[in-house]
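Peer 1: One structure, pasted below without further comment.
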Amino acid sequence: GNSVTQMEGPVTLSEEAFLTINCTYTATGYPSLFWYVQYPGEGLQLLLKATKADDKGSNKGFEATYRKETTSFHLEKGSVQVSDSAVYFCALSPQGGSEKLVFGKGTKLTVNP
Amino acid sequence: GAVVSQHPSWVICKSGTSVKIECRSLDFQATTMFWYRQFPKQSLMLMATSNEGSKATYEQGVEKDKFLINHASLTLSTLTVTSAHPEDSSFYICSARINRARRDTGELFFGEGSRLTVL
């Protein structure tokens, strides 16, 4: 079946530190991969996505590369800010245009000034 | 981006009562909405797919008689937790897809979530 595994949190960093949140997946075929972010008190928002192998999604300084050989989609940011504090979810959409997203458990990030 | 709104954002009810949660797409029409459930420290789990004008499709293990879903219009889907019990306490999140023609495969817009506590 399809599944997403992301690193356990919580993650606490100082401002301007480098961020990596690991995400690996199991899926048949060629899924699309996503990172969603949930700020306190808000709904999930799409942060970035990649639809095929070797694609790099990027947004707001965050990046993730679709690695089919390692079935990974790790999220990175070179210099985090306090405003990046949120819960981050890795997700996949199975091949065939299925609309059903499969999520990881989420990783809570806290960035201290 | 597109806006999806849920109401109420939190609700406390007594065991045995029913609770209705609304999910509205504010600036677009959504032929399909999805209902997720999230337990503490767990991932979002898809409960059901709500299609406008037809019956919802439930995921395996989700009781359709307990979690009633109605998608009566292109901008509103409701989830009713019937005869709620403490084990139904959870965070319920809805999402909506704008239309099938979009190239962004799988992209969804989410509501803020509704936290249900059953005493």
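Following the order of the structure tokens, chains are lettered A, B, ..., residues in each are numbered from 1, and ligands are numbered from 1.
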Check the DSSP output for the backbone and give back, as a VMD selection string, the residues of chain B in strand (DSSP E or B).
Peer 2: chain B and resid 4 to 7 10 to 13 19 to 25 32 to 38 44 to 51 57 to 58 67 to 73 76 to 81 90 to 97 109 to 110 114 to 118
Peer 1: Counting only C-alpha atoms, what is within 10 Å of segment 11-21 of chain A, bar same-chain residues fewer than 4 positions away, as a ChimeraX atom specification?
Peer 2: /A:6-7,62-64,73-85,87-90,106-113
Peer 1: Could I get the residues of chain B with an atom no further than 8 Å from an atom of chain A, each paired with its nearest atom pair and that distance in Å to one decimal, using only C-alpha atoms, sorted by chain and residue number, as a tab-separated table?
Peer 2:
residue	atom	partner	partner_atom	distance
B:Lys41	CA	A:Lys105	CA	6.7
B:Gln42	CA	A:Lys105	CA	5.0
B:Ser43	CA	A:Lys105	CA	3.7
B:Leu44	CA	A:Phe103	CA	6.0
B:Met45	CA	A:Phe103	CA	7.5
B:Leu46	CA	A:Lys100	CA	7.5
B:Thr105	CA	A:Gly97	CA	6.4
B:Gly106	CA	A:Glu99	CA	5.0
B:Glu107	CA	A:Leu46	CA	7.5
B:Leu108	CA	A:Leu46	CA	7.7
B:Phe109	CA	A:Gln45	CA	6.8
B:Phe110	CA	A:Leu44	CA	5.4
B:Gly111	CA	A:Gly43	CA	4.9
B:Glu112	CA	A:Gly43	CA	3.6
B:Gly113	CA	A:Gly43	CA	6.2
Peer 1: Skip segment 47-63 of chain B itself and residues of its chain fewer than 4 positions away, then list as a list in words all residues within 10 Å of it, counting only C-alpha atoms.
Peer 2: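 The residues that qualify are Glu99 and Lys100 of chain A; Ala30, Thr31, Thr32, Met33, Phe34, Trp35, Tyr36, Arg37, Gln38, Phe67, Leu68, Ile69, Asn70, His71, Ala72, Ser73, Leu74, Thr75, Leu76, Ser77, Thr78, Leu79, Tyr92, Ile93, Cys94, Ser95 and Ala96 of chain B.
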Peer 1: Can you write just those residues out, N, CA and C atoms, as a tab-separated table (two decimals), in the first residue's frame?
Peer 2:
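Everything below was put into out25.tsv:
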chain	number	residue	atom	x	y	z
A	99	GLU	N	-7.27	11.41	-6.01
A	99	GLU	CA	-7.31	12.64	-5.23
A	99	GLU	C	-7.04	12.38	-3.76
A	100	LYS	N	-6.84	11.14	-3.42
A	100	LYS	CA	-6.72	10.82	-2.00
A	100	LYS	C	-5.29	10.98	-1.56
B	30	ALA	N	-16.71	23.43	-5.36
B	30	ALA	CA	-15.99	22.19	-5.12
B	30	ALA	C	-16.93	21.01	-5.37
B	31	THR	N	-16.67	20.29	-6.43
B	31	THR	CA	-17.49	19.11	-6.69
B	31	THR	C	-17.11	17.97	-5.75
B	32	THR	N	-15.90	18.04	-5.23
B	32	THR	CA	-15.44	16.98	-4.33
B	32	THR	C	-14.81	17.58	-3.09
B	33	MET	N	-15.23	17.10	-1.95
B	33	MET	CA	-14.61	17.49	-0.69
B	33	MET	C	-14.20	16.22	0.05
B	34	PHE	N	-13.21	16.36	0.88
B	34	PHE	CA	-12.68	15.22	1.62
B	34	PHE	C	-12.73	15.52	3.11
B	35	TRP	N	-13.03	14.50	3.88
B	35	TRP	CA	-13.02	14.63	5.35
B	35	TRP	C	-11.90	13.76	5.92
B	36	TYR	N	-11.07	14.41	6.74
B	36	TYR	CA	-9.97	13.73	7.40
B	36	TYR	C	-10.18	13.79	8.90
B	37	ARG	N	-9.51	12.87	9.58
B	37	ARG	CA	-9.53	12.83	11.03
B	37	ARG	C	-8.10	12.73	11.50
B	38	GLN	N	-7.78	13.46	12.56
B	38	GLN	CA	-6.42	13.45	13.06
B	38	GLN	C	-6.43	13.25	14.57
B	67	PHE	N	-20.87	8.51	10.91
B	67	PHE	CA	-20.34	9.74	10.34
B	67	PHE	C	-21.12	10.04	9.05
B	68	LEU	N	-22.18	10.82	9.22
B	68	LEU	CA	-23.04	11.14	8.10
B	68	LEU	C	-22.49	12.33	7.32
B	69	ILE	N	-22.36	12.16	6.04
B	69	ILE	CA	-21.82	13.23	5.20
B	69	ILE	C	-22.85	13.62	4.16
B	70	ASN	N	-23.05	14.93	4.06
B	70	ASN	CA	-23.98	15.48	3.09
B	70	ASN	C	-23.28	16.56	2.29
B	71	HIS	N	-23.40	16.50	0.99
B	71	HIS	CA	-22.76	17.48	0.11
B	71	HIS	C	-23.85	18.01	-0.82
B	72	ALA	N	-24.70	18.85	-0.25
B	72	ALA	CA	-25.91	19.27	-0.94
B	72	ALA	C	-25.69	20.34	-1.99
B	73	SER	N	-24.59	21.06	-1.89
B	73	SER	CA	-24.32	22.12	-2.87
B	73	SER	C	-22.85	22.12	-3.23
B	74	LEU	N	-22.50	22.92	-4.22
B	74	LEU	CA	-21.12	22.96	-4.69
B	74	LEU	C	-20.19	23.72	-3.76
B	75	THR	N	-20.75	24.28	-2.69
B	75	THR	CA	-19.90	25.04	-1.76
B	75	THR	C	-20.02	24.57	-0.32
B	76	LEU	N	-20.78	23.53	-0.07
B	76	LEU	CA	-20.99	23.11	1.31
B	76	LEU	C	-21.04	21.60	1.44
B	77	SER	N	-20.26	21.08	2.38
B	77	SER	CA	-20.35	19.69	2.79
B	77	SER	C	-20.45	19.67	4.31
B	78	THR	N	-21.24	18.77	4.84
B	78	THR	CA	-21.36	18.67	6.29
B	78	THR	C	-21.05	17.26	6.75
B	79	LEU	N	-20.42	17.19	7.92
B	79	LEU	CA	-20.13	15.94	8.58
B	79	LEU	C	-20.88	15.94	9.90
B	92	TYR	N	-11.10	17.12	13.25
B	92	TYR	CA	-11.67	16.78	11.95
B	92	TYR	C	-11.34	17.90	10.96
B	93	ILE	N	-10.82	17.53	9.83
B	93	ILE	CA	-10.38	18.52	8.83
B	93	ILE	C	-11.02	18.19	7.49
B	94	CYS	N	-11.52	19.22	6.83
B	94	CYS	CA	-12.06	19.02	5.50
B	94	CYS	C	-11.14	19.66	4.47
B	95	SER	N	-11.26	19.18	3.27
B	95	SER	CA	-10.50	19.79	2.17
B	95	SER	C	-11.34	19.75	0.92
B	96	ALA	N	-10.99	20.58	-0.03
B	96	ALA	CA	-11.77	20.68	-1.26
B	96	ALA	C	-10.86	20.80	-2.45
Peer 1: For the atom pair atom CA of Thr71 of chain A and atom CA of Ser58 of chain A, what is the interatomic distance in Å to one decimal place?
Peer 2: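 One can read the atom CA of Thr71 of chain A to atom CA of Ser58 of chain A distance as 18.2 Å.
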